[in-house]
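Quick look at protein_12.txt (compact mmCIF, C-alpha atoms (C1' of nucleotides)):
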```txt
# COMPACT_ATOMS: atom_id res chain seq x y z
CA MET A 1 114.62 141.03 82.22
CA ASP A 2 111.04 140.13 81.80
CA ARG A 3 111.10 136.38 81.50
CA ARG A 4 107.48 136.04 80.60
CA PRO A 5 107.44 134.64 77.13
CA GLY A 6 104.58 134.16 74.80
CA GLY A 7 102.01 136.53 76.11
CA PRO A 8 100.28 137.19 79.36
CA GLN A 9 97.68 134.47 79.14
CA ALA A 10 99.22 131.75 77.02
CA GLN A 11 101.55 130.35 79.65
CA GLY A 12 100.15 131.97 82.75
CA GLY A 13 96.64 130.63 82.38
CA ALA A 14 95.15 127.98 84.58
CA ALA A 15 95.14 125.38 81.80
CA PHE A 16 98.86 125.67 81.26
CA LEU A 17 99.61 125.73 84.98
CA LEU A 18 97.52 122.62 85.47
CA ALA A 19 99.41 120.80 82.74
CA GLN A 20 102.75 121.97 84.08
CA LEU A 21 102.00 121.18 87.71
CA GLY A 22 100.26 117.95 86.85
CA SER A 23 103.26 116.72 84.93
CA HIS A 24 105.54 117.79 87.75
CA ALA A 25 103.41 116.12 90.43
CA ALA A 26 103.15 112.93 88.42
CA ARG A 27 106.87 112.73 87.85
CA LEU A 28 107.62 113.39 91.51
CA PHE A 29 105.14 110.74 92.55
CA ALA A 30 106.71 108.26 90.15
CA ASP A 31 110.10 108.96 91.72
CA ARG A 32 108.73 108.41 95.19
CA ILE A 33 107.02 105.10 94.55
CA ALA A 34 110.02 103.83 92.64
CA GLY A 35 111.34 103.11 96.12
CA LEU A 36 108.53 100.57 96.48
CA ASP A 37 109.34 99.11 93.05
CA LEU A 38 106.09 100.43 91.65
CA THR A 39 105.18 102.50 88.63
CA PRO A 40 102.19 104.87 88.60
CA PRO A 41 99.99 102.49 86.60
CA GLN A 42 100.83 99.67 88.99
CA ALA A 43 99.95 101.84 91.97
CA GLY A 44 96.75 102.80 90.21
CA LEU A 45 95.76 99.20 89.76
CA LEU A 46 96.38 98.37 93.42
CA ARG A 47 94.16 101.25 94.44
CA MET A 48 91.44 100.21 92.03
CA LEU A 49 91.47 96.65 93.27
CA ALA A 50 91.19 97.82 96.86
CA ALA A 51 88.30 100.08 95.94
CA SER A 52 86.34 97.54 93.90
CA PRO A 53 87.66 94.00 93.85
CA GLY A 54 86.73 91.30 91.40
CA ARG A 55 86.53 93.36 88.24
CA SER A 56 87.53 91.99 84.85
CA GLN A 57 90.78 92.80 83.13
CA ARG A 58 88.98 94.52 80.30
CA GLU A 59 87.28 96.97 82.65
CA LEU A 60 90.47 97.71 84.53
CA ALA A 61 92.44 98.13 81.33
CA ASP A 62 89.85 100.59 80.07
CA ASP A 63 90.08 102.66 83.25
CA LEU A 64 93.85 102.68 83.03
CA GLY A 65 93.70 103.71 79.39
CA MET A 66 95.66 100.78 78.05
CA PRO A 67 94.68 98.12 75.50
CA PRO A 68 93.90 94.66 76.92
CA SER A 69 96.88 93.19 75.12
CA ARG A 70 99.20 95.37 77.11
CA PHE A 71 97.34 94.71 80.33
CA VAL A 72 98.26 91.02 80.26
CA PRO A 73 102.02 91.28 80.88
CA PHE A 74 101.26 94.23 83.13
CA ALA A 75 99.13 92.05 85.41
CA ASP A 76 101.50 89.11 84.97
CA GLU A 77 104.30 90.91 86.74
CA LEU A 78 102.15 92.00 89.67
CA GLU A 79 100.83 88.47 89.98
CA GLY A 80 104.33 87.09 89.82
CA ARG A 81 105.30 89.35 92.70
CA GLY A 82 102.37 88.04 94.71
CA LEU A 83 100.58 91.36 94.96
CA ILE A 84 97.43 90.45 93.04
CA GLU A 85 95.74 87.23 92.01
CA ARG A 86 93.50 86.10 89.18
CA ARG A 87 90.49 84.18 90.40
CA LYS A 88 88.02 82.33 88.27
CA ASN A 89 84.73 84.03 87.79
CA PRO A 90 81.97 81.42 88.31
CA ASN A 91 79.39 83.45 86.43
CA ASP A 92 81.53 84.06 83.38
CA ARG A 93 84.29 81.57 82.95
CA ARG A 94 86.11 83.44 80.23
CA SER A 95 86.88 86.46 82.43
CA HIS A 96 89.16 86.68 85.42
CA ALA A 97 88.26 88.38 88.67
CA LEU A 98 91.24 90.33 89.93
CA HIS A 99 91.84 90.64 93.64
CA LEU A 100 94.43 92.07 95.97
CA THR A 101 96.48 89.62 98.00
CA GLU A 102 97.41 90.27 101.61
CA LYS A 103 100.86 91.21 100.48
CA GLY A 104 99.33 93.59 97.97
CA ALA A 105 97.17 95.16 100.66
CA GLY A 106 100.25 95.63 102.80
CA LEU A 107 102.08 97.38 100.01
CA LEU A 108 99.05 99.55 99.39
CA ALA A 109 99.25 100.74 103.00
CA GLU A 110 102.82 101.88 102.43
CA LEU A 111 101.69 103.45 99.20
CA ARG A 112 99.13 105.54 101.04
CA GLU A 113 101.77 106.91 103.36
CA VAL A 114 103.91 107.87 100.42
CA GLY A 115 100.86 109.53 98.92
CA MET A 116 100.27 111.64 102.00
CA ALA A 117 103.88 112.78 102.09
CA HIS A 118 103.60 113.58 98.41
CA GLU A 119 100.49 115.65 99.01
CA ARG A 120 102.18 117.62 101.78
CA ASP A 121 105.21 118.25 99.63
CA ILE A 122 103.31 119.48 96.59
CA CYS A 123 101.14 121.83 98.62
CA ALA A 124 103.90 123.17 100.84
CA ALA A 125 103.22 126.70 99.61
CA LEU A 126 99.64 126.71 100.86
CA SER A 127 98.08 127.18 104.28
CA PHE A 128 95.61 124.66 105.62
CA ASP A 129 92.61 126.71 104.50
CA GLU A 130 94.09 127.45 101.12
CA HIS A 131 94.74 123.78 100.59
CA ARG A 132 91.08 123.07 101.29
CA GLU A 133 89.98 125.77 98.86
CA LEU A 134 92.28 124.48 96.16
CA VAL A 135 91.01 120.93 96.48
CA ALA A 136 87.42 122.14 96.42
CA MET A 137 87.98 124.16 93.26
CA LEU A 138 89.88 121.40 91.51
CA ARG A 139 87.12 118.94 92.35
CA ARG A 140 84.52 121.22 90.81
CA VAL A 141 86.60 121.70 87.68
CA ALA A 142 87.21 117.97 87.39
CA GLU A 143 83.54 117.18 87.82
CA GLN A 144 82.46 119.76 85.27
CA GLN A 145 84.98 118.33 82.84
CA GLY A 146 83.41 114.91 83.25
CA LEU A 147 86.39 113.21 84.84
CA THR A 148 85.87 110.03 86.83
CA PRO A 149 87.03 110.45 90.43
CA GLY A 150 90.10 108.43 91.25
CA VAL A 151 90.84 107.39 87.69
CA HIS A 152 93.20 108.93 85.25
CA PRO A 153 94.73 107.49 82.13
CA GLY A 154 97.74 109.20 80.74
CA TYR A 155 100.02 107.45 83.14
CA ARG A 156 103.51 106.99 81.95
CA SER A 157 104.89 103.54 82.29
CA GLY A 158 108.29 104.89 83.37
CA MET B 1 81.61 113.16 103.73
CA ASP B 2 82.08 110.76 100.93
CA ARG B 3 84.69 108.32 102.10
CA ARG B 4 85.31 106.37 98.99
CA PRO B 5 86.30 102.78 99.58
CA GLY B 6 89.53 103.19 97.72
CA GLY B 7 91.16 105.54 100.12
CA PRO B 8 90.22 108.78 101.75
CA GLN B 9 93.02 111.01 100.61
CA ALA B 10 94.78 109.10 97.91
CA GLN B 11 92.47 109.97 95.07
CA GLY B 12 90.95 113.16 96.38
CA GLY B 13 94.11 115.01 97.23
CA ALA B 14 95.40 118.02 95.39
CA ALA B 15 98.38 116.17 93.96
CA PHE B 16 96.22 113.54 92.34
CA LEU B 17 93.73 116.11 91.07
CA LEU B 18 96.54 118.13 89.58
CA ALA B 19 97.90 115.10 87.76
CA GLN B 20 94.46 114.08 86.57
CA LEU B 21 93.42 117.56 85.45
CA GLY B 22 96.81 118.30 83.99
CA SER B 23 96.72 115.20 81.86
CA HIS B 24 93.18 116.01 80.81
CA ALA B 25 93.98 119.62 79.94
CA ALA B 26 97.07 118.59 78.01
CA ARG B 27 95.19 116.02 76.00
CA LEU B 28 92.38 118.42 75.21
CA PHE B 29 94.86 121.05 74.14
CA ALA B 30 96.61 118.53 71.91
CA ASP B 31 93.27 117.72 70.27
CA ARG B 32 92.54 121.38 69.67
CA ILE B 33 95.84 122.30 68.07
CA ALA B 34 95.74 119.17 65.95
CA GLY B 35 93.45 121.28 63.79
CA LEU B 36 96.43 123.53 63.14
CA ASP B 37 98.61 120.50 62.39
CA LEU B 38 100.62 121.11 65.52
CA THR B 39 101.64 118.97 68.47
CA PRO B 40 102.16 120.40 71.98
CA PRO B 41 105.96 120.42 71.72
CA GLN B 42 105.74 122.16 68.36
CA ALA B 43 103.43 124.79 69.80
CA GLY B 44 105.82 125.17 72.69
CA LEU B 45 108.72 125.84 70.39
CA LEU B 46 106.82 128.48 68.44
CA ARG B 47 105.98 130.26 71.69
CA MET B 48 109.55 130.05 72.89
CA LEU B 49 110.90 131.47 69.65
CA ALA B 50 108.47 134.37 69.82
CA ALA B 51 109.48 135.07 73.39
CA SER B 52 113.23 134.88 72.91
CA PRO B 53 114.46 134.49 69.33
CA GLY B 54 117.90 133.41 68.26
CA ARG B 55 118.54 130.75 70.85
CA SER B 56 120.55 127.63 70.11
CA GLN B 57 119.02 124.23 69.51
CA ARG B 58 120.67 122.82 72.59
CA GLU B 59 119.03 125.38 74.85
CA LEU B 60 115.63 124.93 73.30
CA ALA B 61 115.89 121.17 73.45
CA ASP B 62 116.75 121.38 77.13
CA ASP B 63 113.73 123.54 77.86
CA LEU B 64 111.49 121.16 75.96
CA GLY B 65 112.94 118.22 77.81
CA MET B 66 114.15 116.34 74.76
CA PRO B 67 117.64 115.18 73.83
CA PRO B 68 119.38 117.16 71.05
CA SER B 69 119.33 114.12 68.81
CA ARG B 70 115.58 114.12 68.78
CA PHE B 71 115.37 117.88 68.37
CA VAL B 72 116.96 117.72 64.93
CA PRO B 73 114.13 115.99 63.02
CA PHE B 74 111.71 117.90 65.20
CA ALA B 75 113.06 121.23 63.96
CA ASP B 76 113.49 119.84 60.45
CA GLU B 77 109.78 119.38 60.00
CA LEU B 78 108.91 122.86 61.25
CA GLU B 79 111.57 124.31 58.98
CA GLY B 80 110.25 122.29 56.06
CA ARG B 81 106.81 123.77 56.65
CA GLY B 82 108.27 127.27 56.59
CA LEU B 83 107.36 128.08 60.18
CA ILE B 84 110.86 128.52 61.58
CA GLU B 85 114.29 129.08 60.10
CA ARG B 86 117.85 128.26 61.08
CA ARG B 87 120.14 131.26 60.75
CA LYS B 88 123.87 131.20 61.06
CA ASN B 89 125.24 132.55 64.26
CA PRO B 90 128.17 134.86 63.38
CA ASN B 91 129.63 134.64 66.87
CA ASP B 92 129.59 130.87 67.06
CA ARG B 93 129.52 129.16 63.72
CA ARG B 94 128.78 125.73 65.05
CA SER B 95 125.43 126.74 66.57
CA HIS B 96 122.26 127.75 64.78
CA ALA B 97 120.10 130.67 65.80
CA LEU B 98 116.45 129.68 65.51
CA HIS B 99 113.89 132.25 64.47
CA LEU B 100 110.20 132.42 63.70
CA THR B 101 109.24 133.16 60.10
CA GLU B 102 106.33 135.43 59.21
CA LYS B 103 104.29 132.37 58.47
CA GLY B 104 105.23 130.98 61.85
CA ALA B 105 104.23 134.19 63.57
CA GLY B 106 100.89 134.04 61.80
CA LEU B 107 100.28 130.51 63.00
CA LEU B 108 101.26 131.54 66.50
CA ALA B 109 98.51 134.15 66.46
CA GLU B 110 95.97 131.46 65.68
CA LEU B 111 97.54 129.35 68.37
CA ARG B 112 96.93 132.05 70.95
CA GLU B 113 93.25 132.20 70.11
CA VAL B 114 92.98 128.47 70.50
CA GLY B 115 94.76 128.82 73.82
CA MET B 116 92.25 131.35 75.10
CA ALA B 117 89.31 129.18 74.09
CA HIS B 118 91.02 126.28 75.80
CA GLU B 119 91.42 128.28 79.00
CA ARG B 120 87.76 129.27 78.98
CA ASP B 121 86.70 125.69 78.41
CA ILE B 122 88.79 124.18 81.17
CA CYS B 123 87.69 126.75 83.74
CA ALA B 124 84.01 126.75 82.79
CA ALA B 125 83.07 125.68 86.31
CA LEU B 126 84.60 128.74 87.94
CA SER B 127 83.45 132.31 88.33
CA PHE B 128 85.68 135.17 87.28
CA ASP B 129 86.94 135.72 90.81
CA GLU B 130 87.43 132.04 91.46
CA HIS B 131 89.43 131.75 88.29
CA ARG B 132 91.71 134.51 89.51
CA GLU B 133 92.14 132.82 92.86
CA LEU B 134 92.93 129.51 91.26
CA VAL B 135 95.58 130.98 89.00
CA ALA B 136 97.13 132.84 91.93
CA MET B 137 97.33 129.69 94.03
CA LEU B 138 98.69 127.57 91.22
CA ARG B 139 101.35 130.17 90.51
CA ARG B 140 102.47 130.11 94.12
CA VAL B 141 102.60 126.33 94.17
CA ALA B 142 104.52 126.26 90.90
CA GLU B 143 107.01 128.83 92.15
CA GLN B 144 107.55 127.03 95.44
CA GLN B 145 108.14 123.82 93.51
CA GLY B 146 110.84 125.53 91.51
CA LEU B 147 109.14 125.33 88.13
CA THR B 148 110.23 127.67 85.37
CA PRO B 149 107.33 129.85 84.19
CA GLY B 150 106.17 129.04 80.70
CA VAL B 151 108.19 125.88 80.32
CA HIS B 152 107.12 122.36 80.86
CA PRO B 153 108.71 119.21 79.59
CA GLY B 154 106.88 116.00 80.03
CA TYR B 155 103.74 115.40 78.15
CA ARG B 156 103.65 113.19 75.17
CA SER B 157 104.36 114.33 71.66
CA GLY B 158 100.86 113.13 70.53
C1' DA C 1 67.93 73.97 69.78
C1' DG C 2 71.18 75.40 66.79
C1' DA C 3 73.65 78.63 64.21
C1' DT C 4 75.85 82.98 64.49
C1' DA C 5 77.71 87.00 66.50
C1' DA C 6 79.94 89.09 70.41
C1' DT C 7 83.15 89.14 74.45
C1' DC C 8 87.26 87.95 77.29
C1' DA C 9 92.05 86.87 77.86
C1' DT C 10 96.03 85.94 75.34
C1' DT C 11 99.65 85.71 71.74
C1' DA C 12 102.07 87.32 67.72
C1' DC C 13 103.73 90.84 65.14
C1' DA C 14 104.90 95.01 62.80
C1' DT C 15 105.75 99.73 63.88
C1' DC C 16 107.20 103.57 66.18
C1' DT C 17 109.54 106.14 69.81
C1' DC C 18 113.19 107.02 72.74
C1' DG C 19 117.69 108.29 74.33
C1' DG C 20 122.76 107.14 74.27
C1' DA C 21 127.08 106.74 71.65
C1' DA C 22 129.90 108.14 67.93
C1' DC C 23 131.36 111.82 64.52
C1' DG C 24 132.93 116.12 62.05
C1' DA C 25 133.14 121.03 62.66
C1' DT C 26 134.09 124.72 65.54
C1' DT C 27 135.41 127.07 69.78
C1' DG C 28 137.44 127.71 74.45
C1' DT C 29 141.53 126.73 77.55
C1' DC C 30 146.19 126.43 79.04
C1' DG D 1 149.65 125.18 69.33
C1' DA D 2 147.90 120.89 71.72
C1' DC D 3 143.86 119.35 74.13
C1' DA D 4 139.34 119.33 75.96
C1' DA D 5 134.60 120.91 75.44
C1' DT D 6 130.43 122.20 72.76
C1' DC D 7 127.06 122.22 68.87
C1' DG D 8 124.45 119.96 65.44
C1' DT D 9 123.88 115.66 63.34
C1' DT D 10 123.61 110.69 62.16
C1' DC D 11 123.27 106.03 63.58
C1' DC D 12 121.57 102.31 66.15
C1' DG D 13 119.64 99.11 69.54
C1' DA D 14 116.28 98.61 73.28
C1' DG D 15 111.84 99.14 74.59
C1' DA D 16 107.10 100.58 74.21
C1' DT D 17 102.69 100.68 71.63
C1' DG D 18 98.59 99.28 69.31
C1' DT D 19 96.33 96.11 65.74
C1' DA D 20 95.11 91.76 64.18
C1' DA D 21 94.51 86.92 64.78
C1' DT D 22 93.28 82.84 68.13
C1' DG D 23 90.70 79.85 71.39
C1' DA D 24 87.40 79.55 74.85
C1' DT D 25 83.12 80.94 76.49
C1' DT D 26 78.73 83.41 76.43
C1' DA D 27 74.84 86.09 74.46
C1' DT D 28 71.48 86.60 70.64
C1' DC D 29 68.19 85.41 67.23
C1' DT D 30 64.92 82.63 64.83
```

What does the file become when written as structure tokens?
Amino acid sequence: MDRRPGGPQAQGGAAFLLAQLGSHAARLFADRIAGLDLTPPQAGLLRMLAASPGRSQRELADDLGMPPSRFVPFADELEGRGLIERRKNPNDRRSHALHLTEKGAGLLAELREVGMAHERDICAALSFDEHRELVAMLRRVAEQQGLTPGVHPGYRSG
Amino acid sequence: MDRRPGGPQAQGGAAFLLAQLGSHAARLFADRIAGLDLTPPQAGLLRMLAASPGRSQRELADDLGMPPSRFVPFADELEGRGLIERRKNPNDRRSHALHLTEKGAGLLAELREVGMAHERDICAALSFDEHRELVAMLRRVAEQQGLTPGVHPGYRSG
DNA sequence: AGATAATCATTACATCTCGGAACGATTGTC
DNA sequence: GACAATCGTTCCGAGATGTAATGATTATCT
């Protein structure tokens, strides 16, 4: 039978495929990093701290798409595990400057390996050149849509 | 090229872009159909009922990725708004056969127009040919990943 | 300088969502 | 004809979520 419900475009369009594949990729990634005892938002924070250390909690919370109140216990756990640390900001003593610890940097290295394996797995259907083309197109779409590179809210805490 | 300090591949890979763009597309779609007083799962159900009417709640709930217990109030509201109806299944009197009402079919037509506008918006950065290539690649990736066409659990009920 | 408003991190709280377990009705199995 | 399985449904606790209030610090304005 023709299992193509809804209409030719509704569920076969790029927008739907992006949502479907994005959800799938995110869930798979969450499963993978669960082996490192990390959730996607936690992994996101580690990456952000490696990229630009010393930012305030408010900024980081904004980028992660969570309210500051929720960021506090979120950072507490990572600090308790010795992966990040809150330093005092000499210029503005009411804000904390978040940094990666050595242990956190070590875990981030493992995280990157998991990320590469994840990338290979998701794109297993594509040749090397096709993979390049896909990334190039997705980058253009993301830029035109005004998305900040390397940041995406909508993480699930699972 | 641009080697961002955060990591070369981690945030520029296809998997991350898919998750980022997928979340973005899903959120934008949710905003659009909010004008029709619909959430993404509700829109999904309407499409599924148009594609294959008369299915049981259990099946539909599985496809939507929600437990049957949550499906009940979910279907209740749509039935209360006169968009779907529960008919008795003569073969199996413990299951309900869900169908679209005329009103529901009318709303689905509007929904399809919104979907087309959404598709155009998301892919504004691409030419006609590029759009075709992108869809073709995404379809292959989705198929290789074992995803069912036209069905995706996952995103929030927003 | 001094008063006032704004910002940061944090806590408290009230609300909502989520999925599992239990239940009656019905159907399949042996 | 007894027993297990399935469907829809209700019930309930655990957990997540965002808003409002708080205390400390900083910026603004006259």

Counting all atoms listed in the file, collect the residues of chain C whose closest atom lies at most 8 Å from chain B, and write them out as an mmCIF file with C-alpha atoms (C1' of nucleotides), in the coordinates of the input.
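Now in part_13.cif:
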```cif
data_model
loop_
_atom_site.group_PDB
_atom_site.id
_atom_site.type_symbol
_atom_site.label_atom_id
_atom_site.label_comp_id
_atom_site.auth_asym_id
_atom_site.auth_seq_id
_atom_site.Cartn_x
_atom_site.Cartn_y
_atom_site.Cartn_z
ATOM 1 C "C1'" DG C 19 117.690 108.290 74.330
ATOM 2 C "C1'" DA C 25 133.140 121.030 62.660
ATOM 3 C "C1'" DT C 26 134.090 124.720 65.540
ATOM 4 C "C1'" DT C 27 135.410 127.070 69.780
#
```

Looking at all atoms listed in the file, which of A:Arg132, A:Ile122, A:Leu60, A:Gly146 is the one that sits closest to Leu18 of chain B? A:Ile122

Superposition of chain B onto chain A by least squares over all sequentially paired C-alpha atoms; the transformed chain is requested as a tab-separated table (two decimals) with C-alpha atoms, in the coordinates of the input.
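Printed below is result.tsv as written:
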```tsv
chain	number	residue	atom	x	y	z
B	1	MET	CA	103.18	143.03	85.78
B	2	ASP	CA	105.72	140.74	84.33
B	3	ARG	CA	104.93	140.52	80.66
B	4	ARG	CA	107.27	137.84	79.57
B	5	PRO	CA	108.46	138.18	76.01
B	6	GLY	CA	107.14	134.79	75.07
B	7	GLY	CA	103.52	135.58	75.45
B	8	PRO	CA	101.37	137.08	78.13
B	9	GLN	CA	98.88	134.33	78.69
B	10	ALA	CA	100.27	131.34	76.91
B	11	GLN	CA	102.65	130.20	79.59
B	12	GLY	CA	101.06	131.77	82.62
B	13	GLY	CA	97.56	130.49	82.17
B	14	ALA	CA	95.91	127.91	84.36
B	15	ALA	CA	95.86	125.28	81.63
B	16	PHE	CA	99.59	125.46	81.12
B	17	LEU	CA	100.28	125.52	84.85
B	18	LEU	CA	98.09	122.49	85.33
B	19	ALA	CA	99.95	120.58	82.64
B	20	GLN	CA	103.31	121.65	84.00
B	21	LEU	CA	102.48	120.91	87.63
B	22	GLY	CA	100.67	117.73	86.77
B	23	SER	CA	103.63	116.39	84.89
B	24	HIS	CA	105.91	117.42	87.72
B	25	ALA	CA	103.72	115.84	90.40
B	26	ALA	CA	103.38	112.65	88.41
B	27	ARG	CA	107.09	112.34	87.89
B	28	LEU	CA	107.84	112.99	91.53
B	29	PHE	CA	105.28	110.43	92.57
B	30	ALA	CA	106.81	107.90	90.19
B	31	ASP	CA	110.21	108.52	91.77
B	32	ARG	CA	108.82	108.02	95.25
B	33	ILE	CA	107.02	104.76	94.61
B	34	ALA	CA	110.01	103.43	92.71
B	35	GLY	CA	111.30	102.70	96.20
B	36	LEU	CA	108.44	100.24	96.55
B	37	ASP	CA	109.24	98.75	93.14
B	38	LEU	CA	106.02	100.12	91.73
B	39	THR	CA	105.14	102.22	88.70
B	40	PRO	CA	102.19	104.64	88.66
B	41	PRO	CA	99.92	102.30	86.68
B	42	GLN	CA	100.75	99.47	89.06
B	43	ALA	CA	99.91	101.64	92.04
B	44	GLY	CA	96.72	102.64	90.31
B	45	LEU	CA	95.68	99.05	89.87
B	46	LEU	CA	96.31	98.21	93.51
B	47	ARG	CA	94.13	101.15	94.55
B	48	MET	CA	91.40	100.16	92.14
B	49	LEU	CA	91.37	96.58	93.38
B	50	ALA	CA	91.10	97.75	96.97
B	51	ALA	CA	88.23	100.04	96.06
B	52	SER	CA	86.24	97.57	94.00
B	53	PRO	CA	87.52	93.98	93.95
B	54	GLY	CA	86.54	91.30	91.50
B	55	ARG	CA	86.39	93.37	88.36
B	56	SER	CA	87.35	91.99	84.97
B	57	GLN	CA	90.61	92.74	83.23
B	58	ARG	CA	88.84	94.51	80.41
B	59	GLU	CA	87.21	96.99	82.76
B	60	LEU	CA	90.40	97.67	84.64
B	61	ALA	CA	92.37	98.08	81.46
B	62	ASP	CA	89.84	100.59	80.21
B	63	ASP	CA	90.09	102.64	83.38
B	64	LEU	CA	93.86	102.60	83.18
B	65	GLY	CA	93.74	103.64	79.57
B	66	MET	CA	95.65	100.67	78.20
B	67	PRO	CA	94.61	98.09	75.62
B	68	PRO	CA	93.77	94.61	76.98
B	69	SER	CA	96.73	93.14	75.16
B	70	ARG	CA	99.10	95.22	77.19
B	71	PHE	CA	97.23	94.57	80.42
B	72	VAL	CA	98.07	90.88	80.32
B	73	PRO	CA	101.84	91.09	80.97
B	74	PHE	CA	101.12	94.02	83.24
B	75	ALA	CA	98.95	91.86	85.49
B	76	ASP	CA	101.28	88.90	85.06
B	77	GLU	CA	104.11	90.66	86.81
B	78	LEU	CA	101.97	91.78	89.75
B	79	GLU	CA	100.60	88.26	90.05
B	80	GLY	CA	104.11	86.83	89.91
B	81	ARG	CA	105.09	89.07	92.80
B	82	GLY	CA	102.14	87.81	94.83
B	83	LEU	CA	100.41	91.17	95.04
B	84	ILE	CA	97.24	90.31	93.13
B	85	GLU	CA	95.51	87.12	92.11
B	86	ARG	CA	93.27	86.02	89.27
B	87	ARG	CA	90.23	84.13	90.51
B	88	LYS	CA	87.77	82.30	88.36
B	89	ASN	CA	84.48	84.01	87.87
B	90	PRO	CA	81.73	81.38	88.36
B	91	ASN	CA	79.17	83.45	86.49
B	92	ASP	CA	81.32	84.06	83.45
B	93	ARG	CA	84.07	81.55	82.98
B	94	ARG	CA	85.88	83.45	80.30
B	95	SER	CA	86.61	86.46	82.53
B	96	HIS	CA	88.92	86.65	85.51
B	97	ALA	CA	88.03	88.36	88.76
B	98	LEU	CA	91.05	90.28	90.02
B	99	HIS	CA	91.67	90.57	93.73
B	100	LEU	CA	94.28	91.98	96.06
B	101	THR	CA	96.28	89.48	98.10
B	102	GLU	CA	97.22	90.12	101.73
B	103	LYS	CA	100.68	91.00	100.57
B	104	GLY	CA	99.19	93.41	98.08
B	105	ALA	CA	97.04	95.02	100.74
B	106	GLY	CA	100.13	95.45	102.89
B	107	LEU	CA	101.98	97.18	100.09
B	108	LEU	CA	98.98	99.38	99.47
B	109	ALA	CA	99.18	100.60	103.06
B	110	GLU	CA	102.76	101.68	102.49
B	111	LEU	CA	101.65	103.25	99.25
B	112	ARG	CA	99.13	105.40	101.07
B	113	GLU	CA	101.77	106.76	103.40
B	114	VAL	CA	103.94	107.65	100.47
B	115	GLY	CA	100.93	109.34	98.92
B	116	MET	CA	100.36	111.51	101.98
B	117	ALA	CA	104.00	112.57	102.09
B	118	HIS	CA	103.76	113.35	98.40
B	119	GLU	CA	100.70	115.52	98.96
B	120	ARG	CA	102.43	117.44	101.74
B	121	ASP	CA	105.49	117.98	99.60
B	122	ILE	CA	103.67	119.24	96.54
B	123	CYS	CA	101.53	121.68	98.53
B	124	ALA	CA	104.32	122.96	100.77
B	125	ALA	CA	103.75	126.49	99.51
B	126	LEU	CA	100.16	126.63	100.71
B	127	SER	CA	98.58	127.19	104.09
B	128	PHE	CA	96.03	124.75	105.44
B	129	ASP	CA	93.12	126.88	104.28
B	130	GLU	CA	94.65	127.56	100.90
B	131	HIS	CA	95.18	123.87	100.41
B	132	ARG	CA	91.50	123.28	101.07
B	133	GLU	CA	90.52	125.98	98.61
B	134	LEU	CA	92.79	124.60	95.95
B	135	VAL	CA	91.41	121.10	96.28
B	136	ALA	CA	87.85	122.42	96.17
B	137	MET	CA	88.51	124.39	93.00
B	138	LEU	CA	90.34	121.56	91.29
B	139	ARG	CA	87.50	119.20	92.12
B	140	ARG	CA	85.00	121.54	90.53
B	141	VAL	CA	87.12	121.94	87.42
B	142	ALA	CA	87.62	118.19	87.17
B	143	GLU	CA	83.91	117.53	87.55
B	144	GLN	CA	82.95	120.13	84.97
B	145	GLN	CA	85.46	118.58	82.58
B	146	GLY	CA	83.78	115.23	83.01
B	147	LEU	CA	86.68	113.43	84.64
B	148	THR	CA	86.02	110.29	86.64
B	149	PRO	CA	87.16	110.70	90.26
B	150	GLY	CA	90.14	108.58	91.14
B	151	VAL	CA	90.93	107.49	87.62
B	152	HIS	CA	93.40	108.93	85.24
B	153	PRO	CA	94.91	107.36	82.19
B	154	GLY	CA	97.72	109.11	80.50
B	155	TYR	CA	101.00	109.39	82.21
B	156	ARG	CA	103.88	107.25	81.26
B	157	SER	CA	104.55	103.84	82.69
B	158	GLY	CA	108.03	105.01	83.92
```

Which residues, written as a list in words, have at least one atom at most 12 Å from DT30 of chain D, with only C-alpha atoms (C1' of nucleotides) counted and residues fewer than 6 positions away on the same chain left out?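 The residues satisfying every condition are DA1, DG2, DA3 and DT4 of chain C.
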
Point-to-point distance from atom C1' of DC13 of chain C to atom C1' of DG15 of chain D, Å rounded to tenths: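 Computed distance, atom C1' of DC13 of chain C to atom C1' of DG15 of chain D, equals 15.0 Å.
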
Find the nearest atom pair between each residue of chain D and chain B for residues within 8 Å, count all atoms listed in the file, give distances in Å to one decimal, sort rows by chain and ascending number, and present the table as a Markdown table.
```
| residue | atom | partner | partner_atom | distance |
| --- | --- | --- | --- | --- |
| D:DC7 | C1' | B:Ser95 | CA | 5.3 |
| D:DG8 | C1' | B:Ser95 | CA | 6.9 |
| D:DT9 | C1' | B:Ser69 | CA | 7.3 |
```

For chain B against chain A, which residues fall within 8 Å using only C-alpha atoms, given as number ranges by chain? B: 4-7, 9-23, 25-26, 47-48, 50-52, 112, 115-116, 118-119, 122-126, 131, 134-135, 137-142, 144-145, 149-155

List every protein, DNA or RNA residue that has an atom no more than 12 Å from (130.8, 109.8, 69.1) in the file's coordinate frame, counting all atoms listed in the file, and report them as a PyMOL selection string. (chain C and resi 20-24) or (chain D and resi 9-11)

Rounded to one decimal in Å, what is the spacing between atom CA of Leu83 of chain A and atom C1' of DT17 of chain D? 25.2 Å

Name the residues in contact with DC3 of chain D at a cut-off of 12 Å, using only C-alpha atoms (C1' of nucleotides), excluding same-chain residues fewer than 2 positions from it; report them as a PyMOL selection string. (chain C and resi 28-30) or (chain D and resi 1+5)

Taking every listed atom of segment 9-27 of chain C and adding 6 Å to each side, what centre and edge lengths in Å (one decimal) does the axis-aligned box have, as JSON?
```
{"center_x": 113.7, "center_y": 106.4, "center_z": 70.0, "size_x": 55.4, "size_y": 53.4, "size_z": 27.8}
```

Two-atom distance - atom CA of His99 of chain A, atom CA of Leu36 of chain A (Å):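 Atom CA of Leu36 of chain A lies 19.6 Å from atom CA of His99 of chain A.
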